[in-house]
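Structure file protein-v5.txt (compact mmCIF, C-alpha atoms) follows.
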# COMPACT_ATOMS: atom_id res chain seq x y z
CA MET N 108 51.20 4.56 -9.90
CA ASN N 109 48.96 5.75 -7.06
CA ILE N 110 45.17 5.49 -7.11
CA PHE N 111 44.61 9.25 -7.57
CA THR N 112 46.68 9.30 -10.76
CA THR N 113 44.84 6.23 -12.00
CA PHE N 114 41.52 7.91 -11.24
CA LYS N 115 42.52 11.07 -13.14
CA LEU N 116 43.58 9.02 -16.15
CA ALA N 117 40.29 7.11 -16.05
CA ILE N 118 38.24 10.34 -15.94
CA ARG N 119 40.27 11.81 -18.79
CA ALA N 120 39.80 8.69 -20.92
CA LEU N 121 36.04 8.66 -20.32
CA TRP N 122 35.75 12.40 -20.98
CA ARG N 123 37.42 12.02 -24.38
CA ASN N 124 34.40 9.98 -25.50
CA LYS N 125 31.59 11.81 -23.73
CA VAL N 126 28.72 10.61 -25.92
CA ARG N 127 29.81 6.98 -25.78
CA THR N 128 30.33 7.23 -22.03
CA LEU N 129 26.85 8.72 -21.55
CA LEU N 130 25.19 6.08 -23.72
CA THR N 131 26.99 3.33 -21.80
CA MET N 132 25.83 4.82 -18.50
CA LEU N 133 22.21 4.82 -19.61
CA GLY N 134 21.92 1.06 -19.15
CA ILE N 135 23.02 1.41 -15.53
CA VAL N 136 20.91 4.55 -14.99
CA PHE N 137 17.69 2.97 -16.23
CA GLY N 138 18.44 -0.33 -14.51
CA ILE N 139 18.97 1.28 -11.08
CA GLY N 140 16.09 3.74 -11.62
CA ALA N 141 13.70 0.93 -12.55
CA VAL N 142 14.67 -1.17 -9.51
CA ILE N 143 14.11 1.76 -7.13
CA ALA N 144 10.84 2.84 -8.77
CA MET N 145 9.40 -0.69 -8.82
CA VAL N 146 10.30 -1.47 -5.21
CA ALA N 147 9.01 1.93 -4.04
CA GLY N 148 5.82 1.45 -6.05
CA GLY N 149 5.31 -2.00 -4.57
CA GLN N 150 5.74 -0.70 -1.03
CA GLY N 151 3.40 2.19 -1.73
CA ALA N 152 0.74 -0.14 -3.13
CA GLN N 153 1.03 -2.44 -0.11
CA ALA N 154 0.71 0.51 2.27
CA SER N 155 -2.38 1.72 0.40
CA VAL N 156 -3.98 -1.71 0.62
CA LYS N 157 -3.21 -1.86 4.34
CA GLU N 158 -4.75 1.58 4.89
CA VAL N 159 -7.92 0.59 3.05
CA PHE N 160 -8.50 -2.44 5.22
CA ASP N 161 -7.36 -0.73 8.40
CA SER N 162 -10.26 1.67 7.79
CA LEU N 163 -12.60 -1.26 8.50
CA GLY N 164 -11.05 -1.66 11.94
CA THR N 165 -8.47 -3.94 13.45
CA ASN N 166 -9.12 -7.59 14.35
CA VAL N 167 -12.69 -7.31 13.12
CA LEU N 168 -15.23 -9.87 11.93
CA VAL N 169 -18.40 -8.83 10.12
CA LEU N 170 -21.54 -10.84 10.96
CA SER N 171 -24.61 -10.53 8.73
CA GLY N 172 -27.68 -12.48 7.70
CA GLY N 173 -27.51 -15.25 5.16
CA ALA N 174 -29.01 -15.40 1.69
CA GLN N 175 -32.77 -15.51 1.27
CA ARG N 176 -33.97 -18.02 -1.33
CA THR N 177 -37.37 -17.59 -2.94
CA ALA N 178 -38.56 -20.09 -5.56
CA GLY N 179 -34.96 -21.11 -6.18
CA ALA N 180 -33.71 -17.53 -6.58
CA SER N 181 -31.13 -16.27 -4.10
CA GLY N 182 -31.47 -12.74 -2.76
CA GLY N 183 -27.75 -12.47 -2.07
CA ALA N 184 -25.71 -12.19 1.13
CA GLY N 185 -27.49 -10.36 3.94
CA SER N 186 -30.93 -10.56 2.33
CA ARG N 187 -32.19 -13.05 4.93
CA GLN N 188 -33.46 -11.61 8.21
CA SER N 189 -32.02 -14.19 10.59
CA LEU N 190 -30.00 -12.27 13.18
CA THR N 191 -32.05 -11.17 16.18
CA TRP N 192 -31.41 -8.60 18.88
CA GLU N 193 -31.26 -11.52 21.30
CA ASP N 194 -28.35 -12.92 19.26
CA VAL N 195 -26.57 -9.58 19.72
CA LYS N 196 -27.12 -9.75 23.49
CA ALA N 197 -25.74 -13.28 23.54
CA LEU N 198 -22.60 -12.10 21.74
CA GLU N 199 -22.26 -9.19 24.17
CA SER N 200 -22.65 -11.45 27.21
CA GLY N 201 -18.98 -12.44 27.33
CA GLU N 202 -19.71 -16.10 26.62
CA ILE N 203 -17.09 -15.97 23.83
CA SER N 204 -13.97 -14.70 25.58
CA SER N 205 -12.09 -13.72 22.41
CA ILE N 206 -14.71 -11.06 21.55
CA LYS N 207 -13.81 -7.63 22.90
CA TRP N 208 -16.50 -5.36 21.45
CA VAL N 209 -19.82 -5.92 19.68
CA ALA N 210 -21.37 -3.16 17.57
CA PRO N 211 -24.68 -3.73 15.77
CA THR N 212 -25.04 -1.43 12.77
CA MET N 213 -27.97 -0.47 10.57
CA SER N 214 -27.46 1.63 7.46
CA THR N 215 -29.33 3.25 4.63
CA ARG N 216 -28.80 5.96 2.04
CA THR N 217 -31.01 8.99 2.31
CA GLN N 218 -31.15 12.73 1.83
CA ALA N 219 -29.58 15.02 4.41
CA ALA N 220 -29.88 18.80 4.44
CA SER N 221 -28.51 21.84 6.23
CA GLU N 222 -29.51 25.46 5.92
CA GLU N 223 -27.01 25.81 3.08
CA ALA N 224 -27.30 22.62 0.98
CA ASN N 225 -28.51 19.04 0.72
CA TRP N 226 -26.67 15.80 0.04
CA ASN N 227 -27.52 12.14 -0.45
CA THR N 228 -25.38 10.11 1.91
CA SER N 229 -25.08 6.98 4.03
CA VAL N 230 -26.69 7.09 7.48
CA THR N 231 -25.60 4.49 10.04
CA GLY N 232 -27.15 3.76 13.40
CA THR N 233 -24.82 2.18 15.94
CA THR N 234 -23.41 2.42 19.47
CA SER N 235 -20.36 4.16 20.92
CA VAL N 236 -18.10 1.09 20.59
CA TRP N 237 -18.41 1.32 16.78
CA PHE N 238 -15.93 4.21 16.85
CA LYS N 239 -13.50 2.09 18.90
CA ILE N 240 -13.80 -0.87 16.55
CA ARG N 241 -13.30 1.32 13.48
CA ASN N 242 -10.48 3.15 15.29
CA TRP N 243 -12.10 6.41 14.24
CA GLU N 244 -11.87 9.61 16.24
CA ALA N 245 -13.35 13.07 15.81
CA SER N 246 -11.23 15.85 14.33
CA ARG N 247 -13.72 18.39 15.68
CA GLY N 248 -16.28 18.00 18.43
CA ALA N 249 -16.79 14.50 19.86
CA THR N 250 -18.18 11.08 19.00
CA PHE N 251 -20.80 9.30 21.14
CA ASP N 252 -20.03 8.25 24.69
CA GLU N 253 -21.66 5.15 26.16
CA ASP N 254 -24.72 7.05 27.43
CA THR N 255 -25.50 9.01 24.26
CA GLY N 256 -24.70 6.01 22.07
CA ASN N 257 -27.38 3.97 23.84
CA SER N 258 -29.93 6.79 23.95
CA THR N 259 -32.58 8.12 21.60
CA ALA N 260 -30.85 11.51 21.37
CA LYS N 261 -31.16 13.22 17.99
CA ILE N 262 -27.46 13.84 17.53
CA ALA N 263 -25.15 13.07 14.62
CA VAL N 264 -21.44 12.63 13.94
CA ILE N 265 -20.59 13.35 10.31
CA GLY N 266 -17.76 12.45 7.93
CA GLN N 267 -15.56 15.06 6.29
CA THR N 268 -17.28 14.73 2.91
CA VAL N 269 -20.68 15.47 4.46
CA ALA N 270 -19.19 18.38 6.40
CA THR N 271 -17.74 19.81 3.19
CA GLN N 272 -20.97 19.40 1.22
CA LEU N 273 -23.42 20.65 3.84
CA PHE N 274 -21.37 23.09 5.91
CA ALA N 275 -18.84 24.52 3.47
CA ASN N 276 -18.97 28.00 4.98
CA THR N 277 -19.65 27.30 8.65
CA ASN N 278 -18.38 25.21 11.54
CA PRO N 279 -20.65 22.12 11.61
CA ILE N 280 -20.41 21.63 15.38
CA GLY N 281 -23.71 22.62 17.03
CA GLN N 282 -25.45 23.11 13.67
CA THR N 283 -28.77 21.47 12.79
CA LEU N 284 -28.79 18.73 10.20
CA ARG N 285 -32.04 17.32 8.81
CA ILE N 286 -32.22 13.64 7.91
CA ASN N 287 -35.47 12.66 6.20
CA GLY N 288 -36.90 15.90 7.57
CA GLN N 289 -35.89 15.07 11.18
CA PRO N 290 -33.59 17.61 12.91
CA PHE N 291 -30.29 16.35 14.38
CA GLU N 292 -27.59 18.31 16.19
CA VAL N 293 -24.07 17.80 14.80
CA THR N 294 -21.76 16.94 17.70
CA GLY N 295 -18.63 15.85 15.83
CA VAL N 296 -16.76 15.65 12.53
CA LEU N 297 -14.71 12.49 11.97
CA VAL N 298 -11.05 12.34 10.98
CA THR N 299 -10.64 11.88 7.23
CA LYS N 300 -10.20 8.24 6.14
CA GLY N 301 -10.55 8.52 2.37
CA GLN N 302 -11.59 5.70 0.07
CA GLY N 303 -12.38 2.21 1.33
CA PRO N 304 -13.70 -1.09 -0.07
CA ARG N 305 -17.23 0.34 -0.01
CA GLY N 306 -16.43 3.74 -1.46
CA ASP N 307 -15.84 7.05 0.30
CA ASN N 308 -15.49 6.39 4.03
CA ASP N 309 -16.02 10.08 4.78
CA ASP N 310 -19.40 10.23 3.04
CA THR N 311 -21.32 9.13 6.13
CA ILE N 312 -23.49 10.22 9.06
CA ILE N 313 -23.50 8.26 12.32
CA ILE N 314 -26.47 8.48 14.71
CA PRO N 315 -27.32 6.50 17.88
CA LEU N 316 -28.74 3.03 17.21
CA LYS N 317 -32.01 3.54 19.13
CA THR N 318 -32.57 6.84 17.36
CA TYR N 319 -32.08 5.07 14.03
CA GLN N 320 -34.61 2.40 15.02
CA GLN N 321 -37.19 5.04 15.95
CA LYS N 322 -36.69 7.45 13.05
CA MET N 323 -35.30 5.40 10.18
CA GLU N 324 -36.02 1.68 10.60
CA LYS N 325 -38.97 -0.10 9.05
CA GLY N 326 -39.75 -3.80 9.24
CA LEU N 327 -39.67 -6.51 11.90
CA ALA N 328 -38.40 -5.20 15.22
CA LYS N 329 -37.30 -8.68 16.30
CA TYR N 330 -34.61 -8.91 13.64
CA LEU N 331 -31.50 -6.85 13.07
CA LYS N 332 -31.69 -5.43 9.58
CA GLY N 333 -27.97 -4.80 9.26
CA GLU N 334 -24.61 -6.16 10.37
CA VAL N 335 -22.73 -6.79 13.59
CA LEU N 336 -19.07 -5.84 13.92
CA LEU N 337 -17.14 -8.15 16.25
CA SER N 338 -13.79 -6.90 17.51
CA MET N 339 -11.42 -9.56 18.82
CA VAL N 340 -9.19 -9.19 21.87
CA GLU N 341 -5.99 -10.18 20.03
CA GLU N 342 -4.73 -10.88 16.53
CA GLY N 343 -4.67 -14.46 15.35
CA GLN N 344 -8.00 -15.38 16.99
CA ALA N 345 -10.17 -15.10 13.89
CA GLN N 346 -10.62 -18.81 13.13
CA ARG N 347 -11.33 -19.75 16.73
CA THR N 348 -13.76 -16.85 17.13
CA ILE N 349 -15.56 -17.70 13.87
CA ALA N 350 -15.96 -21.31 15.01
CA GLN N 351 -17.32 -20.25 18.42
CA VAL N 352 -19.73 -17.66 16.97
CA THR N 353 -20.91 -20.21 14.40
CA ALA N 354 -21.57 -22.80 17.11
CA LEU N 355 -23.40 -20.26 19.29
CA LEU N 356 -25.67 -18.99 16.52
CA ARG N 357 -26.44 -22.44 15.10
CA ASP N 358 -27.49 -23.54 18.56
CA ARG N 359 -29.64 -20.41 19.04
CA HIS N 360 -31.24 -20.78 15.59
CA LYS N 361 -31.93 -24.50 16.17
CA LEU N 362 -30.02 -25.63 13.09
CA ASP N 363 -29.15 -29.32 12.84
CA GLY N 364 -26.22 -30.89 11.01
CA ALA N 365 -27.97 -30.94 7.65
CA ASP N 366 -28.95 -27.26 7.74
CA GLU N 367 -26.84 -24.56 6.17
CA ASP N 368 -25.84 -21.53 8.24
CA ASP N 369 -28.49 -18.82 8.03
CA PHE N 370 -25.85 -16.16 8.69
CA ARG N 371 -22.52 -15.13 7.23
CA ILE N 372 -19.22 -14.23 8.93
CA ARG N 373 -16.58 -12.36 6.95
CA ASN N 374 -13.00 -11.70 7.93
CA PRO N 375 -11.69 -8.50 6.20
CA ALA N 376 -8.13 -9.48 7.19
CA GLU N 377 -8.27 -12.37 4.70
CA PHE N 378 -9.05 -9.96 1.86
CA ALA N 379 -6.29 -7.65 3.06
CA GLN N 380 -3.76 -10.50 3.13
CA ALA N 381 -4.79 -11.64 -0.34
CA GLN N 382 -4.37 -8.11 -1.68
CA LYS N 383 -1.02 -7.76 0.08
CA ASP N 384 0.24 -11.08 -1.32
CA SER N 385 -0.86 -10.05 -4.80
CA THR N 386 0.92 -6.68 -4.66
CA GLU N 387 4.05 -8.32 -3.23
CA ARG N 388 4.18 -10.81 -6.11
CA ILE N 389 3.70 -8.06 -8.69
CA ALA N 390 6.34 -5.87 -7.02
CA THR N 391 8.80 -8.79 -6.93
CA LEU N 392 8.19 -9.59 -10.60
CA LEU N 393 8.72 -5.95 -11.60
CA ALA N 394 11.90 -5.76 -9.50
CA ILE N 395 13.25 -8.88 -11.24
CA VAL N 396 12.53 -7.34 -14.63
CA ALA N 397 14.29 -4.16 -13.51
CA ALA N 398 17.27 -6.20 -12.27
CA VAL N 399 17.54 -7.85 -15.68
CA SER N 400 17.78 -4.41 -17.26
CA LEU N 401 20.62 -3.65 -14.82
CA LEU N 402 22.37 -6.83 -15.95
CA ILE N 403 22.00 -5.72 -19.56
CA GLY N 404 23.53 -2.39 -18.58
CA GLY N 405 26.51 -4.29 -17.16
CA ILE N 406 26.94 -6.16 -20.44
CA GLY N 407 26.96 -2.78 -22.17
CA VAL N 408 29.80 -1.67 -19.88
CA MET N 409 31.81 -4.78 -20.75
CA ASN N 410 31.21 -4.28 -24.45
CA ILE N 411 32.36 -0.66 -24.39
CA MET N 412 35.42 -1.46 -22.28
CA LEU N 413 36.44 -4.22 -24.71
CA VAL N 414 36.10 -1.73 -27.57
CA SER N 415 38.16 0.74 -25.53
CA VAL N 416 40.92 -1.83 -25.04
CA ILE N 417 41.08 -2.42 -28.81
CA GLU N 418 41.08 1.31 -29.60
CA ARG N 419 43.78 2.05 -27.03
CA THR N 420 46.06 -0.91 -27.76
CA ARG N 421 48.89 1.37 -28.94
CA GLU N 422 48.45 3.64 -25.90
CA ILE N 423 48.69 0.59 -23.63
CA GLY N 424 51.89 -0.49 -25.41
CA ILE N 425 53.46 2.95 -24.92
CA ARG N 426 52.54 2.97 -21.21
CA MET N 427 54.07 -0.45 -20.70
CA ALA N 428 57.18 0.56 -22.68
CA VAL N 429 57.81 3.48 -20.30
CA GLY N 430 57.46 1.35 -17.19
CA ALA N 431 53.79 0.75 -16.47
CA LYS N 432 53.16 -2.68 -14.96
CA PRO N 433 50.32 -4.99 -16.05
CA ILE N 434 48.62 -4.38 -12.67
CA ASP N 435 48.64 -0.61 -13.39
CA VAL N 436 46.97 -1.12 -16.76
CA MET N 437 44.41 -3.50 -15.27
CA THR N 438 43.67 -1.07 -12.42
CA GLN N 439 43.10 1.80 -14.85
CA PHE N 440 40.49 -0.10 -16.85
CA LEU N 441 38.83 -1.39 -13.68
CA VAL N 442 38.62 2.18 -12.34
CA GLU N 443 37.09 3.35 -15.61
CA SER N 444 34.44 0.63 -15.38
CA LEU N 445 33.79 1.48 -11.73
CA VAL N 446 33.43 5.18 -12.48
CA LEU N 447 31.00 4.42 -15.30
CA ALA N 448 28.88 2.21 -13.05
CA SER N 449 29.07 4.48 -9.98
CA VAL N 450 28.10 7.68 -11.79
CA GLY N 451 25.38 5.74 -13.60
CA GLY N 452 24.24 4.38 -10.23
CA LEU N 453 23.97 7.88 -8.71
CA LEU N 454 22.00 9.12 -11.71
CA GLY N 455 19.84 5.99 -11.46
CA LEU N 456 19.06 6.71 -7.79
CA ALA N 457 17.97 10.22 -8.76
CA LEU N 458 15.83 8.84 -11.59
CA GLY N 459 14.29 6.22 -9.28
CA TYR N 460 13.51 8.85 -6.63
CA GLY N 461 11.74 11.02 -9.20
CA ALA N 462 9.86 8.07 -10.70
CA ALA N 463 8.75 6.87 -7.26
CA GLN N 464 7.47 10.35 -6.39
CA TYR N 465 5.56 10.59 -9.67
CA MET N 466 3.99 7.13 -9.21
CA ALA N 467 2.94 7.96 -5.65
CA GLY N 468 1.22 11.14 -6.82
CA TYR N 469 -0.36 9.55 -9.90
CA PHE N 470 -1.75 6.46 -8.16
CA GLY N 471 -2.46 8.13 -4.82
CA TRP N 472 0.00 5.93 -2.91
CA LYS N 473 2.19 6.93 -0.02
CA PHE N 474 5.65 7.96 -1.18
CA PHE N 475 8.41 5.56 -0.17
CA PHE N 476 12.09 5.75 -0.99
CA PRO N 477 13.52 2.33 -0.06
CA MET N 478 16.89 3.29 1.44
CA GLU N 479 17.97 -0.32 1.95
CA THR N 480 17.11 -1.24 -1.63
CA ALA N 481 18.82 1.94 -2.87
CA GLY N 482 22.00 1.01 -1.01
CA ILE N 483 21.92 -2.54 -2.36
CA ALA N 484 21.21 -1.31 -5.90
CA PHE N 485 24.10 1.15 -5.76
CA GLY N 486 26.38 -1.59 -4.42
CA VAL N 487 25.23 -3.88 -7.24
CA ALA N 488 26.01 -1.12 -9.74
CA GLY N 489 29.55 -0.94 -8.39
CA GLY N 490 29.77 -4.73 -8.53
CA VAL N 491 28.55 -4.65 -12.12
CA GLY N 492 31.30 -2.14 -12.94
CA VAL N 493 33.99 -4.30 -11.39
CA GLY N 494 32.58 -7.65 -12.54
CA PHE N 495 31.93 -6.69 -16.14
CA GLY N 496 35.05 -4.55 -16.35
CA LEU N 497 37.33 -7.27 -15.04
CA TYR N 498 37.65 -9.24 -18.28
CA PRO N 499 38.51 -6.18 -20.44
CA ALA N 500 40.99 -5.06 -17.75
CA ILE N 501 42.71 -8.44 -17.68
CA ARG N 502 42.80 -8.52 -21.46
CA ALA N 503 44.43 -5.08 -21.52
CA ALA N 504 47.00 -6.12 -18.90
CA GLN N 505 47.96 -9.22 -20.86
CA LEU N 506 48.81 -7.33 -24.08
CA ASP N 507 52.37 -7.80 -25.28
CA PRO N 508 54.04 -4.34 -25.27
CA ILE N 509 55.90 -4.92 -28.57
CA THR N 510 52.78 -6.19 -30.34
CA ALA N 511 50.78 -3.31 -28.87
CA LEU N 512 53.30 -0.72 -30.13
CA ARG N 513 53.03 -2.15 -33.65
CA TYR N 514 49.18 -2.04 -33.55
CA GLU N 515 47.56 0.31 -36.07
CA SER N 516 44.02 1.36 -35.20
Hey, can you dump this file as structure tokens for me?
Amino acid sequence: MNIFTTFKLAIRALWRNKVRTLLTMLGIVFGIGAVIAMVAGGQGAQASVKEVFDSLGTNVLVLSGGAQRTAGASGGAGSRQSLTWEDVKALESGEISSIKWVAPTMSTRTQAASEEANWNTSVTGTTSVWFKIRNWEASRGATFDEDTGNSTAKIAVIGQTVATQLFANTNPIGQTLRINGQPFEVTGVLVTKGQGPRGDNDDTIIIPLKTYQQKMEKGLAKYLKGEVLLSMVEEGQAQRTIAQVTALLRDRHKLDGADEDDFRIRNPAEFAQAQKDSTERIATLLAIVAAVSLLIGGIGVMNIMLVSVIERTREIGIRMAVGAKPIDVMTQFLVESLVLASVGGLLGLALGYGAAQYMAGYFGWKFFFPMETAGIAFGVAGGVGVGFGLYPAIRAAQLDPITALRYES
């Protein structure tokens, strides 16, 4: 008997019991669908985490003041005014070769207004290299160049959220924006970055550092009331750079071995890696659970095929009596199992694709359809069909024709 005839017989046998066939397939369908959805969801979550921390910049360290302690009470990280502008110059001097760019930043939240509306937002004073460190370009207009970034020009680059709130009906470029009553000319609108660890990245206004000091800053001029972003030349230099910066600042601040650091250095990449590891573990766990459901689907296939062998014992006896060989009987049942698993696998891929799309939209992740995983899952489905259908097929092939003909269902 050729394979096409065997395939036709298998389809006919499955079609005779449509409801049972469909119910048997469901184990495979949900197993494959769950595997695809969980792997796609895991990849989407990892990509989202990576995007969030990429928004902080690449190969970046964040330097800030330490914690101020008053009468035993700590003011929290950054509350101590310990970083000076001379420290910034020392970091910019090139003494630490692994540092590529240095960008001092000073920020506050305040009211900004246009002719149309007003909005409370974050205002940051910094230099032109800040845009390079944050890997942030303008979608309209331009960011600061080196000259304007180091000047006292009253210009501003705004995020997309600020542009939407203050200039909903006009092009922001060239418009006047008032910050604390001071007029600034909008020279650029930044590319949208979305949410970040500190909230909405696009809800921001960037002005030159010296302008910020003149118009916004209050307090001791000697100290930097903010943070310093340090961009490294290459990846993998964080620990060495942290050690060198620590040594430089401790020496400058005259700290001896018993003194604690009066500054703090954070590495956002460590948080990103921790988040990535966490999402990978969760995704792996969910994929394992989904794989178990696929295994259960395979057991369902075996169960139904064993029932089918019992129900069709007389049919098998008749086929053998008219010349069918044991290998033909075994092949027919194997093909039936394979068809069940393959069709269930295709439906499972469709279900997984839809579930992955829904999860991406619901959680705000990027949509991924893991082609490699889909191929493996479909192959596993076929393997489940063959593996779990093999025992019923062998059992059918080993039936004695005379006994089978006498069988009464």
* Among listed residues N:Leu337, N:Ala463, N:Leu121, N:Val209, nearest Leu445 (chain N) (using all atoms listed in the file) ->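 Under the stated criterion, the closest residue is N:Leu121.
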* **Contact residues around region 282-292 of chain N with only C-alpha atoms at 12 Å, ignoring same-chain residues under 3 positions, as a ChimeraX atom specification** => /N:215-231,248,259-265,269-270,272-274,276-279,295-296,311-315,318-319,321-324
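Take the candidates N:Val408, N:Ala210, N:Leu362, N:Pro499 and check each one against Met339 (chain N) using all atoms listed in the file; the shortest distance goes to N:Ala210.
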* What does the distance between CA of Gly471 (chain N) and CA of Ser155 (chain N) come to in Å, to one decimal place? -> 8.3 Å
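Interatomic distance, CA of Thr438 (chain N) against CA of Gly405 (chain N): 18.1 Å.
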Fix up region 286-304 of chain N with N, CA and C atoms, then write it as a PDB file, keeping the file's coordinate frame.
ATOM      1  N   ILE N 286     -32.283  14.933   8.573  1.00  0.00           N
ATOM      2  CA  ILE N 286     -32.220  13.640   7.910  1.00  0.00           C
ATOM      3  C   ILE N 286     -33.650  13.147   7.738  1.00  0.00           C
ATOM      4  N   ASN N 287     -34.064  13.005   6.481  1.00  0.00           N
ATOM      5  CA  ASN N 287     -35.470  12.660   6.200  1.00  0.00           C
ATOM      6  C   ASN N 287     -36.433  13.622   6.894  1.00  0.00           C
ATOM      7  N   GLY N 288     -36.040  14.881   6.961  1.00  0.00           N
ATOM      8  CA  GLY N 288     -36.900  15.900   7.570  1.00  0.00           C
ATOM      9  C   GLY N 288     -36.772  16.003   9.075  1.00  0.00           C
ATOM     10  N   GLN N 289     -36.049  15.067   9.729  1.00  0.00           N
ATOM     11  CA  GLN N 289     -35.890  15.070  11.180  1.00  0.00           C
ATOM     12  C   GLN N 289     -34.642  15.868  11.563  1.00  0.00           C
ATOM     13  N   PRO N 290     -34.757  16.809  12.531  1.00  0.00           N
ATOM     14  CA  PRO N 290     -33.590  17.610  12.910  1.00  0.00           C
ATOM     15  C   PRO N 290     -32.638  16.856  13.843  1.00  0.00           C
ATOM     16  N   PHE N 291     -31.331  16.939  13.542  1.00  0.00           N
ATOM     17  CA  PHE N 291     -30.290  16.350  14.380  1.00  0.00           C
ATOM     18  C   PHE N 291     -29.235  17.418  14.654  1.00  0.00           C
ATOM     19  N   GLU N 292     -28.681  17.386  15.852  1.00  0.00           N
ATOM     20  CA  GLU N 292     -27.590  18.310  16.190  1.00  0.00           C
ATOM     21  C   GLU N 292     -26.251  17.643  15.878  1.00  0.00           C
ATOM     22  N   VAL N 293     -25.400  18.330  15.120  1.00  0.00           N
ATOM     23  CA  VAL N 293     -24.070  17.800  14.800  1.00  0.00           C
ATOM     24  C   VAL N 293     -23.156  17.985  16.005  1.00  0.00           C
ATOM     25  N   THR N 294     -22.642  16.876  16.524  1.00  0.00           N
ATOM     26  CA  THR N 294     -21.760  16.940  17.700  1.00  0.00           C
ATOM     27  C   THR N 294     -20.299  16.679  17.368  1.00  0.00           C
ATOM     28  N   GLY N 295     -20.026  16.153  16.170  1.00  0.00           N
ATOM     29  CA  GLY N 295     -18.630  15.850  15.830  1.00  0.00           C
ATOM     30  C   GLY N 295     -18.423  15.655  14.345  1.00  0.00           C
ATOM     31  N   VAL N 296     -17.186  15.913  13.919  1.00  0.00           N
ATOM     32  CA  VAL N 296     -16.760  15.650  12.530  1.00  0.00           C
ATOM     33  C   VAL N 296     -15.600  14.657  12.610  1.00  0.00           C
ATOM     34  N   LEU N 297     -15.707  13.558  11.882  1.00  0.00           N
ATOM     35  CA  LEU N 297     -14.710  12.490  11.970  1.00  0.00           C
ATOM     36  C   LEU N 297     -13.426  12.826  11.212  1.00  0.00           C
ATOM     37  N   VAL N 298     -12.342  12.236  11.664  1.00  0.00           N
ATOM     38  CA  VAL N 298     -11.050  12.340  10.980  1.00  0.00           C
ATOM     39  C   VAL N 298     -11.198  11.744   9.576  1.00  0.00           C
ATOM     40  N   THR N 299     -10.558  12.361   8.611  1.00  0.00           N
ATOM     41  CA  THR N 299     -10.640  11.880   7.230  1.00  0.00           C
ATOM     42  C   THR N 299     -10.012  10.499   7.074  1.00  0.00           C
ATOM     43  N   LYS N 300     -10.733   9.585   6.411  1.00  0.00           N
ATOM     44  CA  LYS N 300     -10.200   8.240   6.140  1.00  0.00           C
ATOM     45  C   LYS N 300     -10.068   7.936   4.663  1.00  0.00           C
ATOM     46  N   GLY N 301     -10.702   8.732   3.809  1.00  0.00           N
ATOM     47  CA  GLY N 301     -10.550   8.520   2.370  1.00  0.00           C
ATOM     48  C   GLY N 301     -11.343   7.333   1.857  1.00  0.00           C
ATOM     49  N   GLN N 302     -10.875   6.788   0.730  1.00  0.00           N
ATOM     50  CA  GLN N 302     -11.590   5.700   0.070  1.00  0.00           C
ATOM     51  C   GLN N 302     -11.404   4.376   0.793  1.00  0.00           C
ATOM     52  N   GLY N 303     -12.427   3.542   0.744  1.00  0.00           N
ATOM     53  CA  GLY N 303     -12.380   2.210   1.330  1.00  0.00           C
ATOM     54  C   GLY N 303     -13.007   1.207   0.385  1.00  0.00           C
ATOM     55  N   PRO N 304     -13.117  -0.063   0.793  1.00  0.00           N
ATOM     56  CA  PRO N 304     -13.700  -1.090  -0.070  1.00  0.00           C
ATOM     57  C   PRO N 304     -15.133  -0.776  -0.487  1.00  0.00           C
TER      58      PRO N 304
END
